[in-house]
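Undergrad: Take a look at entry.cif, mmCIF, N, CA and C atoms:
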```
data_protein
#
loop_
_atom_site.label_atom_id
_atom_site.label_comp_id
_atom_site.auth_asym_id
_atom_site.auth_seq_id
_atom_site.Cartn_x
_atom_site.Cartn_y
_atom_site.Cartn_z
N MET A 1436 306.21 48.52 -301.25
CA MET A 1436 305.15 49.23 -300.57
C MET A 1436 305.72 50.58 -300.10
N ASN A 1437 305.03 51.67 -300.45
CA ASN A 1437 305.53 52.98 -300.02
C ASN A 1437 304.99 53.33 -298.63
N THR A 1438 305.52 54.41 -298.07
CA THR A 1438 305.19 54.75 -296.68
C THR A 1438 303.72 55.13 -296.50
N ALA A 1439 303.12 55.78 -297.48
CA ALA A 1439 301.70 56.13 -297.37
C ALA A 1439 300.84 54.86 -297.33
N GLU A 1440 301.21 53.85 -298.12
CA GLU A 1440 300.48 52.57 -298.09
C GLU A 1440 300.62 51.88 -296.75
N ILE A 1441 301.80 51.95 -296.17
CA ILE A 1441 302.02 51.33 -294.85
C ILE A 1441 301.12 52.00 -293.82
N ILE A 1442 301.12 53.33 -293.79
CA ILE A 1442 300.29 54.05 -292.81
C ILE A 1442 298.82 53.75 -293.03
N SER A 1443 298.39 53.64 -294.28
CA SER A 1443 296.98 53.34 -294.57
C SER A 1443 296.57 51.95 -294.11
N LYS A 1444 297.52 51.03 -293.97
CA LYS A 1444 297.22 49.66 -293.53
C LYS A 1444 297.24 49.51 -292.00
N LEU A 1445 297.62 50.57 -291.29
CA LEU A 1445 297.62 50.48 -289.82
C LEU A 1445 296.19 50.27 -289.32
N PRO A 1446 296.01 49.42 -288.32
CA PRO A 1446 294.66 49.14 -287.81
C PRO A 1446 294.19 50.15 -286.76
N TYR A 1447 294.59 51.40 -286.91
CA TYR A 1447 294.26 52.44 -285.95
C TYR A 1447 293.67 53.64 -286.69
N SER A 1448 292.93 54.47 -285.95
CA SER A 1448 292.44 55.72 -286.49
C SER A 1448 292.54 56.77 -285.39
N LYS A 1449 292.39 58.03 -285.76
CA LYS A 1449 292.42 59.11 -284.78
C LYS A 1449 291.30 58.86 -283.78
N PRO A 1450 291.47 59.05 -282.54
CA PRO A 1450 292.58 59.68 -281.85
C PRO A 1450 293.67 58.70 -281.40
N PHE A 1451 293.63 57.45 -281.89
CA PHE A 1451 294.61 56.46 -281.44
C PHE A 1451 295.63 56.11 -282.52
N LEU A 1452 295.75 56.93 -283.53
CA LEU A 1452 296.79 56.76 -284.56
C LEU A 1452 297.95 57.66 -284.17
N PHE A 1453 299.10 57.07 -283.89
CA PHE A 1453 300.26 57.82 -283.41
C PHE A 1453 301.44 57.75 -284.38
N VAL A 1454 301.13 57.86 -285.67
CA VAL A 1454 302.16 57.88 -286.71
C VAL A 1454 301.84 59.04 -287.65
N ASP A 1455 302.74 60.02 -287.72
CA ASP A 1455 302.56 61.11 -288.68
C ASP A 1455 303.31 60.84 -289.97
N GLU A 1456 304.50 60.28 -289.84
CA GLU A 1456 305.36 60.13 -291.01
C GLU A 1456 306.36 59.00 -290.79
N ILE A 1457 306.60 58.26 -291.85
CA ILE A 1457 307.69 57.29 -291.86
C ILE A 1457 308.81 57.92 -292.68
N ILE A 1458 309.94 58.13 -292.03
CA ILE A 1458 311.07 58.81 -292.67
C ILE A 1458 311.90 57.82 -293.48
N ASN A 1459 312.12 56.63 -292.92
CA ASN A 1459 312.94 55.62 -293.56
C ASN A 1459 312.48 54.25 -293.10
N ILE A 1460 312.45 53.30 -294.02
CA ILE A 1460 312.08 51.93 -293.66
C ILE A 1460 312.79 50.96 -294.60
N ASN A 1461 313.30 49.88 -294.02
CA ASN A 1461 313.89 48.80 -294.81
C ASN A 1461 313.75 47.51 -294.00
N GLU A 1462 314.31 46.43 -294.49
CA GLU A 1462 314.12 45.13 -293.83
C GLU A 1462 314.75 45.04 -292.45
N ASN A 1463 315.58 46.02 -292.08
CA ASN A 1463 316.25 46.00 -290.78
C ASN A 1463 315.69 46.96 -289.75
N GLY A 1464 314.83 47.89 -290.18
CA GLY A 1464 314.30 48.84 -289.21
C GLY A 1464 313.49 49.94 -289.84
N VAL A 1465 313.06 50.86 -288.97
CA VAL A 1465 312.20 51.96 -289.40
C VAL A 1465 312.50 53.19 -288.55
N VAL A 1466 312.32 54.36 -289.15
CA VAL A 1466 312.40 55.64 -288.45
C VAL A 1466 311.13 56.40 -288.81
N GLY A 1467 310.44 56.89 -287.80
CA GLY A 1467 309.22 57.66 -288.03
C GLY A 1467 309.02 58.68 -286.95
N ASN A 1468 308.02 59.56 -287.15
CA ASN A 1468 307.78 60.57 -286.13
C ASN A 1468 306.31 60.80 -285.87
N TYR A 1469 306.07 61.48 -284.77
CA TYR A 1469 304.72 61.84 -284.34
C TYR A 1469 304.81 63.10 -283.49
N THR A 1470 303.83 64.00 -283.68
CA THR A 1470 303.73 65.21 -282.86
C THR A 1470 302.50 65.09 -281.98
N PHE A 1471 302.70 65.27 -280.68
CA PHE A 1471 301.61 65.16 -279.71
C PHE A 1471 300.77 66.43 -279.70
N ASP A 1472 299.54 66.33 -280.15
CA ASP A 1472 298.60 67.45 -280.16
C ASP A 1472 298.21 67.77 -278.72
N ALA A 1473 298.31 69.03 -278.36
CA ALA A 1473 297.99 69.45 -276.99
C ALA A 1473 296.52 69.21 -276.64
N ASN A 1474 295.67 68.98 -277.63
CA ASN A 1474 294.24 68.77 -277.37
C ASN A 1474 293.87 67.31 -277.12
N LEU A 1475 294.85 66.41 -277.11
CA LEU A 1475 294.54 65.01 -276.83
C LEU A 1475 293.95 64.89 -275.42
N ASP A 1476 292.92 64.07 -275.29
CA ASP A 1476 292.16 63.98 -274.03
C ASP A 1476 292.99 63.64 -272.81
N PHE A 1477 294.00 62.79 -272.95
CA PHE A 1477 294.74 62.36 -271.76
C PHE A 1477 295.49 63.50 -271.09
N TYR A 1478 295.77 64.58 -271.83
CA TYR A 1478 296.46 65.71 -271.22
C TYR A 1478 295.59 66.46 -270.21
N LYS A 1479 294.27 66.28 -270.28
CA LYS A 1479 293.36 66.97 -269.34
C LYS A 1479 293.54 66.48 -267.91
N GLY A 1480 294.03 65.25 -267.74
CA GLY A 1480 294.14 64.72 -266.38
C GLY A 1480 295.50 64.15 -266.03
N HIS A 1481 296.45 64.24 -266.93
CA HIS A 1481 297.77 63.64 -266.68
C HIS A 1481 298.85 64.66 -266.99
N PHE A 1482 299.22 65.45 -266.18
CA PHE A 1482 298.84 65.71 -264.80
C PHE A 1482 298.11 67.06 -264.75
N LYS A 1483 297.25 67.22 -263.78
CA LYS A 1483 296.48 68.43 -263.64
C LYS A 1483 297.41 69.64 -263.54
N ASP A 1484 297.20 70.62 -264.40
CA ASP A 1484 297.98 71.87 -264.45
C ASP A 1484 299.42 71.69 -264.91
N ASN A 1485 299.85 70.48 -265.27
CA ASN A 1485 301.20 70.24 -265.77
C ASN A 1485 301.17 69.00 -266.66
N PRO A 1486 300.55 69.12 -267.86
CA PRO A 1486 300.35 67.93 -268.69
C PRO A 1486 301.65 67.29 -269.17
N VAL A 1487 301.69 65.96 -269.05
CA VAL A 1487 302.82 65.14 -269.47
C VAL A 1487 302.23 63.92 -270.20
N THR A 1488 302.89 63.48 -271.25
CA THR A 1488 302.42 62.31 -271.99
C THR A 1488 302.63 61.05 -271.15
N PRO A 1489 301.57 60.26 -270.95
CA PRO A 1489 301.70 59.03 -270.17
C PRO A 1489 302.67 58.04 -270.83
N GLY A 1490 303.38 57.29 -270.00
CA GLY A 1490 304.33 56.30 -270.50
C GLY A 1490 303.68 55.25 -271.38
N VAL A 1491 302.45 54.88 -271.08
CA VAL A 1491 301.76 53.88 -271.89
C VAL A 1491 301.53 54.42 -273.31
N ILE A 1492 301.32 55.72 -273.44
CA ILE A 1492 301.15 56.32 -274.78
C ILE A 1492 302.50 56.38 -275.49
N LEU A 1493 303.57 56.70 -274.78
CA LEU A 1493 304.90 56.69 -275.40
C LEU A 1493 305.22 55.28 -275.92
N THR A 1494 304.88 54.27 -275.12
CA THR A 1494 305.08 52.88 -275.53
C THR A 1494 304.27 52.57 -276.78
N GLU A 1495 303.03 53.04 -276.81
CA GLU A 1495 302.16 52.81 -277.96
C GLU A 1495 302.72 53.45 -279.23
N VAL A 1496 303.25 54.66 -279.11
CA VAL A 1496 303.86 55.32 -280.27
C VAL A 1496 305.03 54.49 -280.79
N MET A 1497 305.88 54.02 -279.88
CA MET A 1497 307.01 53.20 -280.30
C MET A 1497 306.55 51.88 -280.91
N ALA A 1498 305.47 51.30 -280.38
CA ALA A 1498 304.95 50.05 -280.93
C ALA A 1498 304.36 50.28 -282.32
N GLN A 1499 303.58 51.34 -282.49
CA GLN A 1499 302.96 51.59 -283.79
C GLN A 1499 304.00 51.85 -284.88
N ILE A 1500 304.97 52.71 -284.58
CA ILE A 1500 306.00 53.02 -285.58
C ILE A 1500 307.02 51.89 -285.66
N GLY A 1501 307.54 51.49 -284.51
CA GLY A 1501 308.69 50.60 -284.48
C GLY A 1501 308.42 49.14 -284.72
N VAL A 1502 307.19 48.69 -284.48
CA VAL A 1502 306.87 47.28 -284.67
C VAL A 1502 305.79 47.09 -285.74
N VAL A 1503 304.67 47.79 -285.62
CA VAL A 1503 303.56 47.55 -286.55
C VAL A 1503 303.90 48.04 -287.96
N CYS A 1504 304.41 49.27 -288.09
CA CYS A 1504 304.79 49.76 -289.43
C CYS A 1504 305.85 48.86 -290.05
N LEU A 1505 306.84 48.47 -289.27
CA LEU A 1505 307.89 47.60 -289.79
C LEU A 1505 307.31 46.23 -290.16
N GLY A 1506 306.43 45.71 -289.33
CA GLY A 1506 305.81 44.42 -289.62
C GLY A 1506 305.00 44.45 -290.90
N ILE A 1507 304.25 45.52 -291.12
CA ILE A 1507 303.48 45.67 -292.36
C ILE A 1507 304.43 45.68 -293.56
N PHE A 1508 305.53 46.42 -293.42
CA PHE A 1508 306.53 46.47 -294.50
C PHE A 1508 307.10 45.08 -294.77
N LEU A 1509 307.46 44.35 -293.71
CA LEU A 1509 308.06 43.04 -293.87
C LEU A 1509 307.08 42.02 -294.45
N LEU A 1510 305.81 42.11 -294.06
CA LEU A 1510 304.81 41.19 -294.59
C LEU A 1510 304.42 41.56 -296.03
N ASN A 1511 304.61 42.83 -296.38
CA ASN A 1511 304.32 43.35 -297.71
C ASN A 1511 302.89 43.01 -298.12
N ASN A 1512 302.70 42.27 -299.17
CA ASN A 1512 301.36 42.00 -299.68
C ASN A 1512 300.63 40.89 -298.94
N GLU A 1513 301.29 40.28 -297.96
CA GLU A 1513 300.64 39.22 -297.19
C GLU A 1513 299.69 39.77 -296.14
N ILE A 1514 299.80 41.06 -295.84
CA ILE A 1514 298.92 41.66 -294.82
C ILE A 1514 297.57 42.01 -295.46
N ASN A 1515 296.50 41.78 -294.70
CA ASN A 1515 295.17 42.13 -295.18
C ASN A 1515 294.28 42.47 -293.99
N LYS A 1516 293.03 42.74 -294.25
CA LYS A 1516 292.12 43.18 -293.17
C LYS A 1516 291.90 42.11 -292.11
N ASN A 1517 292.23 40.86 -292.41
CA ASN A 1517 292.08 39.78 -291.43
C ASN A 1517 293.33 39.52 -290.61
N THR A 1518 294.42 40.24 -290.91
CA THR A 1518 295.65 40.07 -290.15
C THR A 1518 295.45 40.59 -288.73
N LEU A 1519 295.80 39.77 -287.76
CA LEU A 1519 295.68 40.17 -286.36
C LEU A 1519 297.04 40.66 -285.87
N ILE A 1520 297.02 41.77 -285.15
CA ILE A 1520 298.24 42.36 -284.62
C ILE A 1520 298.09 42.48 -283.11
N ALA A 1521 299.07 41.99 -282.37
CA ALA A 1521 298.98 42.03 -280.91
C ALA A 1521 300.36 42.25 -280.29
N LEU A 1522 300.41 43.08 -279.27
CA LEU A 1522 301.63 43.27 -278.49
C LEU A 1522 301.84 42.03 -277.65
N THR A 1523 303.08 41.51 -277.66
CA THR A 1523 303.35 40.33 -276.84
C THR A 1523 304.24 40.64 -275.65
N SER A 1524 305.13 41.62 -275.78
CA SER A 1524 305.97 41.99 -274.64
C SER A 1524 306.63 43.33 -274.89
N ASN A 1525 306.97 43.99 -273.80
CA ASN A 1525 307.77 45.20 -273.91
C ASN A 1525 308.53 45.42 -272.62
N GLU A 1526 309.66 46.04 -272.78
CA GLU A 1526 310.48 46.44 -271.64
C GLU A 1526 311.05 47.81 -271.99
N ILE A 1527 310.46 48.83 -271.40
CA ILE A 1527 310.79 50.21 -271.76
C ILE A 1527 311.30 50.95 -270.53
N GLU A 1528 312.35 51.72 -270.73
CA GLU A 1528 312.88 52.60 -269.68
C GLU A 1528 312.57 54.04 -270.09
N PHE A 1529 311.98 54.79 -269.17
CA PHE A 1529 311.59 56.17 -269.42
C PHE A 1529 312.63 57.10 -268.79
N LEU A 1530 313.15 58.03 -269.60
CA LEU A 1530 314.26 58.87 -269.16
C LEU A 1530 313.90 60.34 -269.01
N LYS A 1531 313.00 60.84 -269.86
CA LYS A 1531 312.62 62.26 -269.85
C LYS A 1531 311.13 62.37 -270.16
N PRO A 1532 310.49 63.42 -269.67
CA PRO A 1532 309.08 63.62 -270.00
C PRO A 1532 308.90 64.12 -271.44
N VAL A 1533 307.71 63.85 -271.97
CA VAL A 1533 307.30 64.38 -273.28
C VAL A 1533 306.05 65.21 -273.03
N TYR A 1534 306.07 66.44 -273.51
CA TYR A 1534 305.00 67.41 -273.25
C TYR A 1534 304.12 67.60 -274.48
N PRO A 1535 302.95 68.22 -274.27
CA PRO A 1535 302.07 68.53 -275.40
C PRO A 1535 302.82 69.35 -276.46
N ASN A 1536 302.48 69.11 -277.71
CA ASN A 1536 303.05 69.79 -278.89
C ASN A 1536 304.48 69.37 -279.20
N GLU A 1537 305.05 68.40 -278.48
CA GLU A 1537 306.39 67.92 -278.79
C GLU A 1537 306.34 66.94 -279.96
N LYS A 1538 307.34 67.05 -280.83
CA LYS A 1538 307.52 66.10 -281.92
C LYS A 1538 308.59 65.11 -281.49
N VAL A 1539 308.29 63.82 -281.63
CA VAL A 1539 309.24 62.78 -281.27
C VAL A 1539 309.57 61.94 -282.51
N THR A 1540 310.75 61.36 -282.47
CA THR A 1540 311.19 60.46 -283.53
C THR A 1540 311.45 59.10 -282.91
N VAL A 1541 310.93 58.07 -283.55
CA VAL A 1541 311.12 56.69 -283.11
C VAL A 1541 312.09 56.01 -284.07
N ILE A 1542 313.09 55.38 -283.50
CA ILE A 1542 314.07 54.61 -284.27
C ILE A 1542 313.98 53.17 -283.80
N SER A 1543 313.73 52.27 -284.73
CA SER A 1543 313.54 50.86 -284.40
C SER A 1543 314.49 50.00 -285.23
N GLU A 1544 315.12 49.05 -284.56
CA GLU A 1544 316.00 48.09 -285.24
C GLU A 1544 315.47 46.69 -284.99
N LYS A 1545 315.26 45.96 -286.06
CA LYS A 1545 314.75 44.59 -285.96
C LYS A 1545 315.77 43.70 -285.24
N ILE A 1546 315.30 42.98 -284.24
CA ILE A 1546 316.11 41.95 -283.59
C ILE A 1546 315.86 40.64 -284.31
N TYR A 1547 314.58 40.28 -284.49
CA TYR A 1547 314.22 39.12 -285.30
C TYR A 1547 312.78 39.22 -285.76
N PHE A 1548 312.48 38.52 -286.84
CA PHE A 1548 311.11 38.36 -287.33
C PHE A 1548 310.98 36.92 -287.80
N ARG A 1549 310.29 36.11 -287.01
CA ARG A 1549 310.11 34.70 -287.36
C ARG A 1549 308.79 34.19 -286.78
N PHE A 1550 308.16 33.28 -287.51
CA PHE A 1550 306.90 32.68 -287.11
C PHE A 1550 305.85 33.73 -286.72
N GLY A 1551 305.86 34.85 -287.43
CA GLY A 1551 304.89 35.90 -287.19
C GLY A 1551 305.20 36.80 -286.01
N LYS A 1552 306.31 36.58 -285.33
CA LYS A 1552 306.68 37.43 -284.19
C LYS A 1552 307.84 38.34 -284.58
N LEU A 1553 307.62 39.63 -284.34
CA LEU A 1553 308.63 40.65 -284.63
C LEU A 1553 309.07 41.27 -283.31
N LYS A 1554 310.37 41.24 -283.06
CA LYS A 1554 310.94 41.85 -281.86
C LYS A 1554 311.93 42.91 -282.30
N CYS A 1555 311.83 44.10 -281.68
CA CYS A 1555 312.65 45.24 -282.08
C CYS A 1555 313.24 45.96 -280.88
N LYS A 1556 314.42 46.51 -281.11
CA LYS A 1556 315.03 47.44 -280.17
C LYS A 1556 314.55 48.83 -280.61
N VAL A 1557 313.94 49.58 -279.69
CA VAL A 1557 313.35 50.87 -280.05
C VAL A 1557 313.87 51.98 -279.13
N LYS A 1558 313.90 53.18 -279.68
CA LYS A 1558 314.18 54.35 -278.85
C LYS A 1558 313.42 55.53 -279.41
N MET A 1559 313.12 56.46 -278.53
CA MET A 1559 312.39 57.66 -278.89
C MET A 1559 313.25 58.86 -278.54
N LEU A 1560 313.37 59.79 -279.49
CA LEU A 1560 314.13 61.02 -279.30
C LEU A 1560 313.20 62.21 -279.37
N ASN A 1561 313.49 63.26 -278.60
CA ASN A 1561 312.72 64.49 -278.71
C ASN A 1561 313.36 65.38 -279.78
N ALA A 1562 312.84 66.58 -279.96
CA ALA A 1562 313.33 67.49 -281.00
C ALA A 1562 314.78 67.91 -280.78
N LYS A 1563 315.24 67.83 -279.53
CA LYS A 1563 316.64 68.18 -279.23
C LYS A 1563 317.57 66.98 -279.41
N ASN A 1564 317.02 65.87 -279.89
CA ASN A 1564 317.74 64.60 -280.05
C ASN A 1564 318.12 63.95 -278.73
N ASP A 1565 317.43 64.33 -277.65
CA ASP A 1565 317.60 63.66 -276.37
C ASP A 1565 316.76 62.38 -276.36
N GLU A 1566 317.33 61.31 -275.84
CA GLU A 1566 316.58 60.07 -275.73
C GLU A 1566 315.58 60.21 -274.58
N VAL A 1567 314.29 59.99 -274.87
CA VAL A 1567 313.28 60.12 -273.83
C VAL A 1567 312.85 58.76 -273.29
N CYS A 1568 312.96 57.71 -274.11
CA CYS A 1568 312.70 56.35 -273.64
C CYS A 1568 313.28 55.36 -274.65
N SER A 1569 313.51 54.14 -274.16
CA SER A 1569 314.07 53.11 -275.03
C SER A 1569 313.83 51.74 -274.42
N GLY A 1570 314.01 50.72 -275.25
CA GLY A 1570 313.85 49.35 -274.77
C GLY A 1570 313.58 48.39 -275.90
N THR A 1571 312.82 47.34 -275.59
CA THR A 1571 312.44 46.35 -276.61
C THR A 1571 310.93 46.20 -276.61
N ILE A 1572 310.40 45.94 -277.81
CA ILE A 1572 308.97 45.68 -277.98
C ILE A 1572 308.83 44.52 -278.96
N ALA A 1573 307.93 43.61 -278.65
CA ALA A 1573 307.65 42.49 -279.55
C ALA A 1573 306.15 42.38 -279.78
N GLY A 1574 305.79 41.92 -280.96
CA GLY A 1574 304.40 41.74 -281.29
C GLY A 1574 304.22 40.61 -282.27
N MET A 1575 302.99 40.12 -282.37
CA MET A 1575 302.64 39.04 -283.29
C MET A 1575 301.79 39.61 -284.41
N MET A 1576 302.02 39.11 -285.62
CA MET A 1576 301.22 39.47 -286.78
C MET A 1576 300.83 38.17 -287.48
N VAL A 1577 299.57 37.77 -287.32
CA VAL A 1577 299.11 36.50 -287.91
C VAL A 1577 297.81 36.69 -288.64
#
```
Represent the structure from my file as structure tokens, please.

TA:
Amino acid sequence: MNTAEIISKLPYSKPFLFVDEIININENGVVGNYTFDANLDFYKGHFKDNPVTPGVILTEVMAQIGVVCLGIFLLNNEINKNTLIALTSNEIEFLKPVYPNEKVTVISEKIYFRFGKLKCKVKMLNAKNDEVCSGTIAGMMV
């Protein structure tokens, strides 16, 4: 399965699709990126006159690239429109803010994938290669 096919199988659409590109993917992990458009609605109120990307959105970007894209790759042809995807747990530490128009890279390493549950160690880097957040995310694909 190529990267365009993986992105096309994501159960998200704009404005909630947070994957621009998958740079590398294999059975052990994935690397992808996303650029935050300054026109995204949440920047209008978070924070007034000093927009910053909410932590829940940073977590979502890491989940979409680091867990869902990898899960689709691992399931390969077993995934279909009836496959359910759900976040089961996350533990993320936030280290630096992410601003509008910033491009981030997500690096995910598989911890395990068994019985439909995928758990990954994830981190997000900004364009300067500074780590902005990291932790673990797990999800179910059934």

Undergrad: From a DSSP calculation on the backbone, collect every residue of chain A in helix (DSSP H, G or I) and output the set as a PyMOL selection string.

TA: chain A and resi 1438-1443+1476-1479+1490-1513

Undergrad: If you apply the PyMOL selection byres ((chain A and resi 1436) around 8) to this file, what residues do you get, as a list of chain:residue names?

TA: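 When the PyMOL selection byres ((chain A and resi 1436) around 8) is applied, the selected residues are A:Asn1437, A:Thr1438, A:Ala1439, A:Glu1440, A:Ile1441, A:Ile1507, A:Phe1508, A:Asn1511, A:Asn1512.
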
Undergrad: Evaluating the PyMOL selection byres ((chain A and resi 1450-1459) around 6.5) on the displayed file yields which residues, as a ChimeraX atom specification?

TA: /A:1438,1447-1449,1460-1461,1464-1470,1496,1499-1500

Undergrad: Under the rule that all atoms listed in the file are counted, which of A:Val1533, A:Lys1538, A:Pro1486, A:Val1502 is the nearest residue to Lys1563 (chain A)?

TA: A:Lys1538

Undergrad: Show me, as a list of chain:residue names, the residues that have an atom within 8 Å of region 1548-1554 of chain A when counting all atoms listed in the file, minus same-chain residues fewer than 6 positions from it.

TA: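 Here the qualifying residues turn out to be A:Gly1501, A:Val1502, A:Leu1505, A:Gly1506, A:Thr1571, A:Ile1572, A:Ala1573, A:Gly1574, A:Met1575, A:Met1576, A:Val1577.
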
Undergrad: If the PyMOL selection byres ((chain A and resi 1556) around 7) is run on the structure shown, which residues does it catch, given as a list in words?

TA: Ile1542, Ser1543, Glu1544, Lys1545, Ile1546, Lys1554, Cys1555, Val1557, Lys1558, Ser1569, Gly1570, Thr1571 and Ile1572 of chain A

Undergrad: Can you work out the spacing between atom N of Leu1445 (chain A) and atom C of Val1503 (chain A) in Å, to one decimal?

TA: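 About the pair atom N of Leu1445 (chain A) and atom C of Val1503 (chain A): they are 7.5 Å apart.
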
Undergrad: Could you please write out, as a VMD selection string, every residue of region 1450-1572 of chain A that DSSP assigns to strand (DSSP E)?

TA: chain A and resid 1456 to 1461 1464 to 1470 1520 to 1529 1538 to 1549 1552 to 1560 1566 to 1572

Undergrad: Have a look at A:Thr1523, A:Asp1472, A:Leu1510, A:Glu1566 and name the one nearest to Thr1540 (chain A); count only C-alpha atoms.

TA: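 Looking at the shortest contact to Thr1540 (chain A), the residue is A:Glu1566.
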
Undergrad: For a quick check of understanding, using only N, CA and C atoms, which of A:Ala1521, A:Ile1492, A:Asn1536, A:Ile1442 has the smallest distance to Ala1473 (chain A)?

TA: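 Using only N, CA and C atoms, the shortest distance to Ala1473 (chain A) belongs to A:Asn1536.
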